[in-house]
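> Pasting structure-v3.cif below, which is mmCIF, C-alpha atoms (C1' of nucleotides).
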```cif
data_protein
loop_
_atom_site.label_atom_id
_atom_site.label_comp_id
_atom_site.auth_asym_id
_atom_site.auth_seq_id
_atom_site.Cartn_x
_atom_site.Cartn_y
_atom_site.Cartn_z
CA MET I 270 65.26 110.42 79.16
CA LEU I 271 65.88 110.07 82.87
CA ASN I 272 63.20 108.20 84.75
CA ASN I 273 64.67 108.14 88.25
CA SER I 274 67.44 109.53 90.41
CA HIS I 275 69.03 106.10 90.90
CA SER I 276 70.13 105.91 87.28
CA LEU I 277 71.64 109.37 87.31
CA PHE I 278 73.51 108.82 90.55
CA HIS I 279 74.72 105.47 89.37
CA ALA I 280 76.03 106.98 86.15
CA VAL I 281 77.95 109.64 88.07
CA HIS I 282 79.42 107.04 90.35
CA GLN I 283 80.42 104.73 87.54
CA LEU I 284 81.96 107.55 85.55
CA SER I 285 84.00 108.68 88.53
CA ARG I 286 85.39 105.17 88.94
CA GLN I 287 86.24 104.90 85.25
CA LEU I 288 88.09 108.19 85.32
CA THR I 289 90.20 107.37 88.36
CA LYS I 290 90.90 103.90 87.03
CA GLN I 291 92.26 105.20 83.75
CA LEU I 292 94.21 107.92 85.48
CA ASN I 293 95.79 105.39 87.79
CA GLU I 294 96.86 103.32 84.82
CA ALA I 295 98.48 106.35 83.23
CA LEU I 296 100.35 107.13 86.45
CA GLU I 297 101.38 103.58 87.17
CA PRO I 298 104.76 103.80 85.34
CA PHE I 299 105.76 106.63 87.69
CA GLY I 300 104.74 104.87 90.89
CA LEU I 301 102.04 107.45 91.50
CA TYR I 302 98.32 107.19 92.21
CA ASN I 303 95.62 109.65 91.36
CA ALA I 304 95.25 110.98 94.91
CA GLN I 305 98.95 111.80 94.94
CA TRP I 306 98.81 113.37 91.51
CA ALA I 307 95.96 115.62 92.64
CA VAL I 308 98.14 116.98 95.43
CA LEU I 309 101.16 117.46 93.18
CA TYR I 310 99.00 119.24 90.61
CA VAL I 311 97.53 121.66 93.13
CA LEU I 312 100.93 122.42 94.61
CA LYS I 313 102.42 123.06 91.19
CA ALA I 314 99.58 125.40 90.29
CA ASN I 315 99.36 127.25 93.61
CA GLY I 316 102.74 127.00 95.28
CA ALA I 317 103.25 125.88 98.88
CA LEU I 318 100.07 125.26 100.86
CA THR I 319 99.20 123.97 104.31
CA GLN I 320 97.53 120.61 104.59
CA LYS I 321 94.33 122.36 105.58
CA GLU I 322 94.40 124.39 102.38
CA LEU I 323 95.11 121.28 100.33
CA CYS I 324 92.07 119.63 101.90
CA GLU I 325 89.92 122.59 100.96
CA TYR I 326 91.20 122.73 97.38
CA LEU I 327 90.60 119.02 96.86
CA ALA I 328 87.47 118.78 99.03
CA VAL I 329 88.92 115.90 101.00
CA GLU I 330 88.96 115.33 104.75
CA ALA I 331 92.17 115.71 106.71
CA PRO I 332 93.00 112.05 107.44
CA PRO I 333 93.30 110.84 103.84
CA MET I 334 95.34 113.95 103.09
CA THR I 335 97.78 113.13 105.89
CA ARG I 336 98.27 109.71 104.39
CA THR I 337 98.78 110.96 100.83
CA ILE I 338 101.27 113.54 102.05
CA GLN I 339 103.22 110.99 104.04
CA ARG I 340 103.55 108.83 100.96
CA LEU I 341 104.68 111.70 98.77
CA MET I 342 107.20 112.64 101.40
CA LYS I 343 108.56 109.10 101.51
CA GLN I 344 108.95 109.27 97.72
CA GLY I 345 110.81 112.55 98.09
CA TYR I 346 108.39 114.64 96.04
CA ILE I 347 107.37 117.08 98.77
CA ASP I 348 108.64 118.40 102.07
CA GLN I 349 106.94 119.88 105.10
CA ARG I 350 108.01 123.13 106.76
CA THR I 351 106.32 124.44 109.87
CA GLY I 352 105.85 128.19 109.94
CA LEU I 353 105.45 130.60 112.85
CA ASP I 354 102.25 128.82 113.80
CA LYS I 355 103.75 125.47 114.71
CA ARG I 356 100.48 123.64 114.08
CA LYS I 357 100.54 124.46 110.39
CA LYS I 358 102.64 122.43 108.02
CA PHE I 359 103.44 124.03 104.71
CA ILE I 360 103.86 121.55 101.90
CA HIS I 361 106.39 122.31 99.16
CA LEU I 362 107.25 120.49 95.96
CA THR I 363 110.87 119.32 96.01
CA SER I 364 113.15 120.03 93.07
CA LYS I 365 112.94 116.32 92.26
CA ALA I 366 109.18 116.71 91.84
CA GLU I 367 109.60 119.91 89.85
CA SER I 368 111.86 118.16 87.37
CA GLU I 369 109.65 115.07 87.07
CA PHE I 370 106.44 117.06 86.81
CA PRO I 371 106.41 117.61 83.02
CA LYS I 372 106.59 113.85 82.38
CA TRP I 373 103.73 113.17 84.76
CA GLU I 374 101.67 115.96 83.30
CA LYS I 375 102.22 114.69 79.79
CA ALA I 376 101.07 111.18 80.70
CA VAL I 377 98.02 112.51 82.51
CA LEU I 378 97.03 114.83 79.71
CA GLU I 379 97.32 112.01 77.19
CA ALA I 380 95.09 109.79 79.34
CA ASN I 381 92.60 112.63 79.80
CA GLN I 382 92.62 113.17 76.08
CA VAL I 383 91.62 109.55 75.49
CA LEU I 384 88.90 109.81 78.11
CA ILE I 385 87.44 113.00 76.74
CA THR I 386 87.52 112.37 72.98
CA SER I 387 84.05 110.85 73.00
CA LEU I 388 82.67 114.00 74.61
CA PRO I 389 82.11 116.87 72.18
CA LYS I 390 83.44 120.26 73.29
CA GLY I 391 79.92 121.62 73.69
CA SER I 392 78.98 118.76 76.00
CA GLN I 393 82.15 119.31 78.01
CA ASP I 394 81.20 122.87 78.78
CA ALA I 395 77.57 121.96 79.38
CA ILE I 396 78.35 119.14 81.76
CA TYR I 397 80.97 121.13 83.62
CA SER I 398 78.68 124.04 84.30
CA ILE I 399 75.79 121.79 85.31
CA LEU I 400 77.99 119.74 87.63
CA SER I 401 79.51 122.83 89.23
CA GLU I 402 76.11 124.37 89.85
CA TRP I 403 74.81 121.11 91.19
CA LEU I 404 77.71 120.70 93.61
CA ILE I 405 77.17 124.18 94.98
CA GLY I 406 73.45 123.48 95.29
CA ILE I 407 74.02 120.22 97.14
CA LYS I 408 76.38 121.79 99.64
CA GLN I 409 73.88 124.54 100.43
CA GLN I 410 71.01 122.10 100.60
CA VAL I 411 72.89 119.76 102.93
CA LYS I 412 73.87 122.65 105.15
CA THR I 413 70.27 123.85 105.34
CA VAL I 414 68.97 120.39 106.23
CA GLU I 415 71.58 120.10 108.98
CA GLU I 416 70.69 123.49 110.41
CA GLU I 417 67.02 122.58 110.51
CA ALA I 418 67.95 119.40 112.36
CA ILE I 419 69.87 121.42 114.95
CA PHE I 420 67.02 123.91 115.23
CA ASN I 421 64.57 121.11 115.93
CA ASP I 422 66.60 119.73 118.83
CA MET S 142 83.57 127.75 80.82
CA LEU S 143 85.77 124.70 81.12
CA ASN S 144 89.47 125.40 80.69
CA ASN S 145 90.92 121.95 81.36
CA SER S 146 90.04 118.30 81.87
CA HIS S 147 91.32 118.29 85.46
CA SER S 148 88.50 120.53 86.65
CA LEU S 149 85.84 118.46 84.96
CA PHE S 150 87.16 115.16 86.29
CA HIS S 151 87.54 116.62 89.73
CA ALA S 152 83.95 117.85 89.70
CA VAL S 153 82.70 114.39 88.72
CA HIS S 154 84.74 112.79 91.45
CA GLN S 155 83.63 115.22 94.10
CA LEU S 156 80.00 114.89 93.12
CA SER S 157 80.17 111.13 93.29
CA ARG S 158 81.56 111.33 96.81
CA GLN S 159 78.87 113.78 97.90
CA LEU S 160 76.12 111.55 96.57
CA THR S 161 77.36 108.39 98.28
CA LYS S 162 78.00 110.27 101.49
CA GLN S 163 74.45 111.59 101.67
CA LEU S 164 73.01 108.24 100.67
CA ASN S 165 74.99 106.53 103.41
CA GLU S 166 73.61 108.98 105.95
CA ALA S 167 70.08 108.23 104.81
CA LEU S 168 70.68 104.48 105.13
CA GLU S 169 72.50 104.66 108.44
CA PRO S 170 69.35 104.16 110.61
CA PHE S 171 68.79 100.82 108.86
CA GLY S 172 72.34 99.55 109.27
CA LEU S 173 72.83 99.61 105.51
CA TYR S 174 75.46 101.16 103.27
CA ASN S 175 75.06 102.39 99.74
CA ALA S 176 76.83 99.38 98.18
CA GLN S 177 74.38 97.07 99.90
CA TRP S 178 71.43 99.22 98.94
CA ALA S 179 72.50 99.08 95.28
CA VAL S 180 72.35 95.28 95.38
CA LEU S 181 68.99 95.21 97.14
CA TYR S 182 67.57 97.69 94.66
CA VAL S 183 68.71 95.69 91.63
CA LEU S 184 67.38 92.45 93.09
CA LYS S 185 64.01 94.05 93.86
CA ALA S 186 63.75 95.42 90.34
CA ASN S 187 64.99 92.33 88.48
CA GLY S 188 64.32 89.33 90.69
CA ALA S 189 66.95 86.73 91.53
CA LEU S 190 70.32 87.15 89.80
CA THR S 191 73.69 85.44 89.90
CA GLN S 192 76.61 87.33 91.38
CA LYS S 193 78.04 87.68 87.91
CA GLU S 194 74.87 89.34 86.71
CA LEU S 195 74.84 91.63 89.72
CA CYS S 196 78.40 92.66 88.91
CA GLU S 197 77.39 93.49 85.35
CA TYR S 198 74.32 95.47 86.39
CA LEU S 199 76.31 97.51 88.87
CA ALA S 200 79.54 97.64 86.86
CA VAL S 201 81.56 96.40 89.79
CA GLU S 202 84.26 93.71 89.92
CA ALA S 203 83.55 90.36 91.52
CA PRO S 204 85.53 90.67 94.77
CA PRO S 205 83.72 93.69 96.21
CA MET S 206 80.44 92.04 95.22
CA THR S 207 81.34 88.90 97.13
CA ARG S 208 81.91 91.00 100.20
CA THR S 209 78.70 92.98 99.89
CA ILE S 210 76.73 89.79 99.41
CA GLN S 211 78.31 88.14 102.43
CA ARG S 212 77.32 91.10 104.55
CA LEU S 213 73.75 91.12 103.29
CA MET S 214 73.53 87.41 103.96
CA LYS S 215 74.78 87.89 107.50
CA GLN S 216 72.04 90.49 107.98
CA GLY S 217 69.49 88.04 106.64
CA TYR S 218 68.38 90.17 103.69
CA ILE S 219 69.37 87.75 100.92
CA ASP S 220 70.08 84.07 100.40
CA GLN S 221 72.16 82.14 97.88
CA ARG S 222 70.90 79.13 95.94
CA THR S 223 73.10 77.21 93.56
CA GLY S 224 71.41 76.05 90.38
CA LEU S 225 72.18 73.19 88.02
CA ASP S 226 75.49 74.82 87.20
CA LYS S 227 77.07 74.50 90.62
CA ARG S 228 79.43 77.40 90.00
CA LYS S 229 76.59 79.88 89.79
CA LYS S 230 75.01 81.30 92.92
CA PHE S 231 71.59 82.83 92.53
CA ILE S 232 70.91 85.64 94.96
CA HIS S 233 67.35 86.10 96.25
CA LEU S 234 65.82 88.73 98.48
CA THR S 235 64.48 87.17 101.68
CA SER S 236 60.97 87.94 102.88
CA LYS S 237 62.59 89.98 105.64
CA ALA S 238 64.16 92.19 102.96
CA GLU S 239 60.93 92.34 100.99
CA SER S 240 59.03 93.63 104.01
CA GLU S 241 61.71 96.16 104.98
CA PHE S 242 62.24 97.36 101.42
CA PRO S 243 59.55 100.08 101.33
CA LYS S 244 61.05 101.82 104.36
CA TRP S 245 64.51 101.79 102.83
CA GLU S 246 63.20 103.03 99.52
CA LYS S 247 61.33 105.87 101.16
CA ALA S 248 64.45 107.03 103.02
CA VAL S 249 66.57 106.82 99.88
CA LEU S 250 64.07 108.66 97.74
CA GLU S 251 63.83 111.44 100.30
CA ALA S 252 67.61 111.78 100.37
CA ASN S 253 67.75 111.76 96.57
CA GLN S 254 65.06 114.41 96.51
CA VAL S 255 67.18 116.69 98.69
CA LEU S 256 70.22 116.06 96.50
CA ILE S 257 68.43 116.74 93.28
CA THR S 258 66.34 119.80 94.14
CA SER S 259 69.08 122.19 93.09
CA LEU S 260 69.18 120.58 89.65
CA PRO S 261 66.37 121.72 87.31
CA LYS S 262 64.54 118.94 85.47
CA GLY S 263 66.03 120.03 82.14
CA SER S 264 69.54 119.81 83.52
CA GLN S 265 68.79 116.37 84.95
CA ASP S 266 67.89 115.02 81.55
CA ALA S 267 70.76 116.84 79.87
CA ILE S 268 73.36 115.60 82.30
CA TYR S 269 72.04 112.07 82.28
CA SER S 270 72.18 111.74 78.54
CA ILE S 271 75.62 113.32 78.30
CA LEU S 272 76.97 111.09 81.07
CA SER S 273 75.49 107.95 79.53
CA GLU S 274 76.94 108.75 76.12
CA TRP S 275 80.26 109.59 77.65
CA LEU S 276 80.42 106.34 79.60
CA ILE S 277 79.74 104.34 76.46
CA GLY S 278 82.36 106.34 74.60
CA ILE S 279 84.97 105.81 77.29
CA LYS S 280 84.45 102.08 77.37
CA GLN S 281 84.85 101.82 73.60
CA GLN S 282 87.86 104.12 73.62
CA VAL S 283 89.55 102.18 76.39
CA LYS S 284 88.89 98.90 74.61
CA THR S 285 90.36 100.28 71.38
CA VAL S 286 93.50 101.54 73.12
CA GLU S 287 93.98 98.14 74.77
CA GLU S 288 93.59 96.31 71.47
CA GLU S 289 96.16 98.56 69.83
CA ALA S 290 98.52 97.80 72.68
CA ILE S 291 98.08 94.07 72.13
CA PHE S 292 98.53 94.51 68.39
CA ASN S 293 101.80 96.35 68.95
CA ASP S 294 103.27 93.54 71.06
"C1'" DA B 283 98.73 134.31 134.53
"C1'" DA B 284 95.72 130.51 134.09
"C1'" DC B 285 92.00 128.11 132.25
"C1'" DA B 286 88.75 127.29 128.42
"C1'" DA B 287 87.84 126.99 123.64
"C1'" DC B 288 89.41 126.37 119.16
"C1'" DT B 289 92.44 124.68 115.37
"C1'" DA B 290 95.83 121.67 112.53
"C1'" DA B 291 97.25 117.45 112.09
"C1'" DT B 292 97.43 112.54 113.37
"C1'" DT B 293 95.82 107.88 114.68
"C1'" DA B 294 92.66 104.13 114.64
"C1'" DC B 295 89.11 102.03 112.40
"C1'" DC B 296 85.31 101.71 109.02
"C1'" DT B 297 83.30 101.03 103.85
"C1'" DA B 298 84.16 100.91 98.64
"C1'" DG B 299 86.39 99.33 94.85
"C1'" DG B 300 90.51 97.48 92.20
"C1'" DT B 301 94.09 93.61 90.70
"C1'" DA B 302 96.34 89.13 91.10
"C1'" DA B 303 96.30 84.58 92.39
"C1'" DC B 304 93.55 80.70 93.54
"C1'" DT B 305 89.71 76.88 93.67
"C1'" DA B 306 86.07 74.35 91.85
"C1'" DA B 307 82.91 73.40 88.18
"C1'" DT B 308 81.97 73.23 83.32
"C1'" DT B 309 83.10 73.37 78.33
"C1'" DT B 310 85.91 72.57 74.44
"C1'" DA B 311 89.38 70.05 71.82
"C1'" DT B 312 91.91 66.40 70.74
"C1'" DA Z 68 87.52 59.84 77.43
"C1'" DT Z 69 90.77 62.86 78.92
"C1'" DA Z 70 93.49 66.94 78.92
"C1'" DA Z 71 93.18 71.92 78.19
"C1'" DA Z 72 90.73 76.11 78.42
"C1'" DT Z 73 87.13 78.80 80.36
"C1'" DT Z 74 84.03 80.48 83.93
"C1'" DA Z 75 82.03 81.78 88.74
"C1'" DG Z 76 83.27 82.87 92.87
"C1'" DT Z 77 86.66 83.59 96.73
"C1'" DT Z 78 90.83 85.15 99.18
"C1'" DA Z 79 94.52 88.28 100.02
"C1'" DC Z 80 96.17 92.64 99.56
"C1'" DC Z 81 96.27 97.34 97.64
"C1'" DT Z 82 94.43 102.58 97.30
"C1'" DA Z 83 90.70 106.14 98.41
"C1'" DG Z 84 87.89 108.38 101.42
"C1'" DG Z 85 84.92 108.86 105.67
"C1'" DT Z 86 84.08 109.50 111.09
"C1'" DA Z 87 85.53 109.67 115.92
"C1'" DA Z 88 88.88 110.37 119.21
"C1'" DT Z 89 93.43 112.26 120.39
"C1'" DT Z 90 97.52 115.47 120.61
"C1'" DA Z 91 99.84 119.74 120.39
"C1'" DG Z 92 99.76 124.45 119.61
"C1'" DT Z 93 97.19 128.95 119.61
"C1'" DT Z 94 93.66 132.29 120.99
"C1'" DG Z 95 90.28 134.21 124.12
"C1'" DT Z 96 88.41 135.08 128.67
"C1'" DT Z 97 88.49 136.17 133.07
#
```
Could you write out this structure as structure tokens?


Amino acid sequence: MLNNSHSLFHAVHQLSRQLTKQLNEALEPFGLYNAQWAVLYVLKANGALTQKELCEYLAVEAPPMTRTIQRLMKQGYIDQRTGLDKRKKFIHLTSKAESEFPKWEKAVLEANQVLITSLPKGSQDAIYSILSEWLIGIKQQVKTVEEEAIFND
Amino acid sequence: MLNNSHSLFHAVHQLSRQLTKQLNEALEPFGLYNAQWAVLYVLKANGALTQKELCEYLAVEAPPMTRTIQRLMKQGYIDQRTGLDKRKKFIHLTSKAESEFPKWEKAVLEANQVLITSLPKGSQDAIYSILSEWLIGIKQQVKTVEEEAIFND
DNA sequence: AACAACTAATTACCTAGGTAACTAATTTAT
DNA sequence: ATAAATTAGTTACCTAGGTAATTAGTTGTT
């Protein structure tokens, strides 16, 4: 039974660190890190996207995304193409990335499998829906608090 | 309904970032960051601890803890005393920290309140118990996998 | 047509947390 | 008693993510 918010927040934080740690270990043989994998995964699933769109999909600010993209480019897994709007940079998976992707995905799925075995399917669905709802709630709440702050200026 | 592990892990990760971000904002007026607050909170609740013990309580490796402690010391909120075993450093809250603590706690609790309003009490308990179980499971699982790896050497 | 406002991306700099390699103190074995 | 192994903490260096300030390109206004 939960007696305070500290414990809950701490558990979330700790879990997040465990997950990324294990994922990084799984990706290590390929010279990839979890932030890079996240980008590759989104690009594979959605096709070419601008950096802005990638930021929105992954809920990350622009500067870390710039860095991750520059690294992936250096490794030859993506390329940038500017469109009509020269500010926008569309990010594409290279054929090199396309051909490596299945290996990466396999390693990641195996790691995820290990991480998730101790969580019964029912709990998986429960936790996912609670977390999703909570995230939405937090974003609204934060927005509201900010607006009140502006209003009170 | 959860269709893959990526979504779940991503939700956990994103939530963790939201929570620390909001907590940092709440602590900003006091010149504190969430990692420092975590240490202060544990020391207040448990009394003096060695750095090793602090690491275990907060599930953090030693190097980041060293850094957090050095910062808190510079701010005059803690002091180190070596015991009989000269390797161990016991960390104490200073009276300055003790007198400031209630203000910090109030700010943190208010922030936590905002973050948790969108999560019904039932969901709080549900999520906390699932997360706790899951964390335990992951640690066992990871340990097992490592042992198998050693065995197969 | 020219100036103002906005937008996408980058740069510089901050905190958090991780591993590997090291130092100093303490146990354990021989 | 001394050499070897272990332990607590530190240092150096890595990735991740955040904010603030800047640049270049685009839109809107007048």

> So that I can check the surroundings of range 93-96 of chain Z, please list as JSON, numbers by chain every protein, DNA and RNA residue that reaches within 10 Å of it, counting only C-alpha atoms (C1' of nucleotides) and ignoring chain neighbours fewer than 4 positions away.

{"I": [354, 355, 356], "B": [285, 286, 287, 288, 289]}

> Write the selection just made, keeping C-alpha atoms (C1' of nucleotides), as a PDB file, in the coordinates of the input?


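Final file, result_22.pdb:
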```
ATOM      1  CA  ASP I 354     102.250 128.820 113.800  1.00  0.00           C
ATOM      2  CA  LYS I 355     103.750 125.470 114.710  1.00  0.00           C
ATOM      3  CA  ARG I 356     100.480 123.640 114.080  1.00  0.00           C
TER       4      ARG I 356
ATOM      5  C1'  DC B 285      92.000 128.110 132.250  1.00  0.00           C
ATOM      6  C1'  DA B 286      88.750 127.290 128.420  1.00  0.00           C
ATOM      7  C1'  DA B 287      87.840 126.990 123.640  1.00  0.00           C
ATOM      8  C1'  DC B 288      89.410 126.370 119.160  1.00  0.00           C
ATOM      9  C1'  DT B 289      92.440 124.680 115.370  1.00  0.00           C
TER      10       DT B 289
END
```

> What do you get, as a PyMOL selection string, if you spell out every residue that the PyMOL selection byres ((chain Z and resi 85) around 12) selects here?

(chain I and resi 329-334) or (chain S and resi 158-159+161-163+165-166) or (chain B and resi 295-298) or (chain Z and resi 83-84+86-87)

> Check which residues satisfy the PyMOL selection byres ((chain Z and resi 81) around 10) in the file shown, then give them as number ranges by chain.

B: 300-301; Z: 79-80, 82

> Just the number, please: distance in Å from CA of Ala176 in chain S to CA of His282 in chain I, one decimal.

11.3 Å

> Please compute the CA of Leu271 in chain I-CA of Tyr269 in chain S distance, one decimal, in Å.

6.5 Å

> What does the distance between CA of Ala314 in chain I and CA of Gly345 in chain I come to in Å, to one decimal place?

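CA of Gly345 in chain I lies at a distance of 18.8 Å from CA of Ala314 in chain I.
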
> Pull out every residue of chain S sitting within 6 Å of chain I, counting only C-alpha atoms, and send them as a list in words.

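For chain S, the answer reads Met142, Leu143, Leu149, Val153, His154, Ser157, Leu256, Ser259, Leu260, Asp266, Tyr269, Trp275, Gly278 and Ile279 of chain S.
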
> Once chain I is superposed on chain S with a least-squares fit on all C-alpha pairs taken in order, can you show it as a short mmCIF file (atom, residue, chain, number, x, y, z; two decimals) with C-alpha atoms, in the frame of the given file?


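Here's the written file out.cif:
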```cif
data_model
loop_
_atom_site.label_atom_id
_atom_site.label_comp_id
_atom_site.auth_asym_id
_atom_site.auth_seq_id
_atom_site.Cartn_x
_atom_site.Cartn_y
_atom_site.Cartn_z
CA MET I 270 83.55 127.75 80.85
CA LEU I 271 85.78 124.71 81.17
CA ASN I 272 89.46 125.39 80.72
CA ASN I 273 90.92 121.95 81.38
CA SER I 274 90.03 118.31 81.90
CA HIS I 275 91.31 118.31 85.49
CA SER I 276 88.49 120.55 86.66
CA LEU I 277 85.83 118.47 84.98
CA PHE I 278 87.17 115.19 86.30
CA HIS I 279 87.54 116.65 89.74
CA ALA I 280 83.95 117.86 89.72
CA VAL I 281 82.70 114.40 88.74
CA HIS I 282 84.75 112.81 91.46
CA GLN I 283 83.64 115.24 94.12
CA LEU I 284 80.00 114.92 93.13
CA SER I 285 80.18 111.14 93.30
CA ARG I 286 81.56 111.34 96.83
CA GLN I 287 78.88 113.80 97.92
CA LEU I 288 76.14 111.57 96.58
CA THR I 289 77.37 108.41 98.28
CA LYS I 290 77.99 110.29 101.50
CA GLN I 291 74.45 111.60 101.67
CA LEU I 292 73.02 108.25 100.68
CA ASN I 293 74.99 106.55 103.41
CA GLU I 294 73.61 108.98 105.95
CA ALA I 295 70.08 108.24 104.82
CA LEU I 296 70.69 104.49 105.12
CA GLU I 297 72.49 104.66 108.43
CA PRO I 298 69.34 104.16 110.58
CA PHE I 299 68.78 100.82 108.85
CA GLY I 300 72.33 99.56 109.25
CA LEU I 301 72.82 99.62 105.50
CA TYR I 302 75.46 101.17 103.25
CA ASN I 303 75.08 102.39 99.73
CA ALA I 304 76.85 99.40 98.15
CA GLN I 305 74.39 97.09 99.88
CA TRP I 306 71.43 99.22 98.91
CA ALA I 307 72.51 99.09 95.27
CA VAL I 308 72.37 95.30 95.37
CA LEU I 309 69.01 95.22 97.14
CA TYR I 310 67.60 97.70 94.63
CA VAL I 311 68.72 95.70 91.61
CA LEU I 312 67.39 92.47 93.07
CA LYS I 313 64.04 94.05 93.85
CA ALA I 314 63.77 95.42 90.33
CA ASN I 315 65.02 92.34 88.47
CA GLY I 316 64.37 89.34 90.67
CA ALA I 317 66.99 86.72 91.52
CA LEU I 318 70.34 87.15 89.78
CA THR I 319 73.72 85.44 89.89
CA GLN I 320 76.62 87.33 91.37
CA LYS I 321 78.07 87.67 87.90
CA GLU I 322 74.90 89.35 86.68
CA LEU I 323 74.86 91.65 89.70
CA CYS I 324 78.43 92.67 88.87
CA GLU I 325 77.42 93.49 85.32
CA TYR I 326 74.35 95.48 86.36
CA LEU I 327 76.34 97.53 88.86
CA ALA I 328 79.57 97.64 86.84
CA VAL I 329 81.58 96.39 89.79
CA GLU I 330 84.27 93.72 89.91
CA ALA I 331 83.55 90.36 91.49
CA PRO I 332 85.53 90.67 94.75
CA PRO I 333 83.71 93.69 96.19
CA MET I 334 80.44 92.05 95.19
CA THR I 335 81.33 88.89 97.12
CA ARG I 336 81.93 91.00 100.18
CA THR I 337 78.70 92.99 99.88
CA ILE I 338 76.73 89.80 99.39
CA GLN I 339 78.30 88.15 102.40
CA ARG I 340 77.31 91.09 104.54
CA LEU I 341 73.74 91.13 103.27
CA MET I 342 73.54 87.43 103.93
CA LYS I 343 74.76 87.88 107.49
CA GLN I 344 72.03 90.50 107.95
CA GLY I 345 69.48 88.04 106.60
CA TYR I 346 68.38 90.16 103.65
CA ILE I 347 69.38 87.75 100.88
CA ASP I 348 70.08 84.07 100.39
CA GLN I 349 72.16 82.15 97.89
CA ARG I 350 70.89 79.14 95.94
CA THR I 351 73.11 77.20 93.58
CA GLY I 352 71.40 76.06 90.41
CA LEU I 353 72.19 73.19 88.05
CA ASP I 354 75.51 74.82 87.27
CA LYS I 355 77.07 74.52 90.71
CA ARG I 356 79.45 77.42 90.07
CA LYS I 357 76.61 79.91 89.82
CA LYS I 358 75.03 81.32 92.93
CA PHE I 359 71.61 82.84 92.52
CA ILE I 360 70.91 85.64 94.94
CA HIS I 361 67.36 86.10 96.23
CA LEU I 362 65.82 88.73 98.46
CA THR I 363 64.49 87.17 101.66
CA SER I 364 60.97 87.93 102.85
CA LYS I 365 62.56 89.99 105.62
CA ALA I 366 64.15 92.19 102.96
CA GLU I 367 60.92 92.34 100.96
CA SER I 368 59.03 93.64 103.97
CA GLU I 369 61.71 96.17 104.94
CA PHE I 370 62.25 97.38 101.40
CA PRO I 371 59.54 100.09 101.30
CA LYS I 372 61.05 101.83 104.35
CA TRP I 373 64.51 101.80 102.82
CA GLU I 374 63.21 103.02 99.51
CA LYS I 375 61.34 105.86 101.15
CA ALA I 376 64.44 107.04 103.01
CA VAL I 377 66.56 106.82 99.88
CA LEU I 378 64.07 108.66 97.73
CA GLU I 379 63.81 111.44 100.30
CA ALA I 380 67.61 111.79 100.38
CA ASN I 381 67.75 111.76 96.58
CA GLN I 382 65.06 114.39 96.52
CA VAL I 383 67.18 116.68 98.70
CA LEU I 384 70.21 116.05 96.52
CA ILE I 385 68.43 116.74 93.27
CA THR I 386 66.31 119.79 94.15
CA SER I 387 69.05 122.19 93.09
CA LEU I 388 69.15 120.57 89.66
CA PRO I 389 66.36 121.69 87.33
CA LYS I 390 64.52 118.92 85.49
CA GLY I 391 65.98 120.02 82.16
CA SER I 392 69.51 119.79 83.54
CA GLN I 393 68.76 116.35 84.96
CA ASP I 394 67.87 115.00 81.56
CA ALA I 395 70.73 116.82 79.88
CA ILE I 396 73.34 115.59 82.32
CA TYR I 397 72.02 112.05 82.30
CA SER I 398 72.16 111.72 78.55
CA ILE I 399 75.60 113.31 78.33
CA LEU I 400 76.97 111.09 81.09
CA SER I 401 75.50 107.95 79.56
CA GLU I 402 76.94 108.75 76.15
CA TRP I 403 80.27 109.60 77.69
CA LEU I 404 80.44 106.34 79.64
CA ILE I 405 79.75 104.33 76.51
CA GLY I 406 82.37 106.35 74.64
CA ILE I 407 84.99 105.80 77.32
CA LYS I 408 84.45 102.06 77.40
CA GLN I 409 84.85 101.82 73.63
CA GLN I 410 87.85 104.11 73.65
CA VAL I 411 89.56 102.16 76.42
CA LYS I 412 88.89 98.90 74.64
CA THR I 413 90.35 100.26 71.40
CA VAL I 414 93.49 101.52 73.13
CA GLU I 415 93.97 98.13 74.77
CA GLU I 416 93.56 96.30 71.48
CA GLU I 417 96.13 98.52 69.82
CA ALA I 418 98.51 97.75 72.68
CA ILE I 419 98.02 94.02 72.13
CA PHE I 420 98.43 94.44 68.38
CA ASN I 421 101.73 96.23 68.89
CA ASP I 422 103.21 93.42 70.97
#
```

> Can you tell me, as number ranges by chain, what residues are no more than 8 Å from Thr191 in chain S when counting all atoms listed in the file, ignoring any on the same chain fewer than 6 positions away?

S: 229-232

> Spell out the residues picked by the PyMOL selection byres ((chain Z and resi 71) around 8) here, as a list in words.

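Checking the PyMOL selection byres ((chain Z and resi 71) around 8) against this file, the residues are DA311 of chain B; DA70 and DA72 of chain Z.
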
> DT292 in chain B: which residues within 9 Å, counting all atoms listed in the file, same-chain residues fewer than 4 positions away excluded, as number ranges by chain?

I: 332, 335; Z: 89-90

> Write out as a list in words which residues come within 12 Å of Lys343 in chain I when counting all atoms listed in the file, dropping same-chain ones fewer than 6 positions away.

Gln305, Arg336, Thr337, Gln349 and Thr363 of chain I
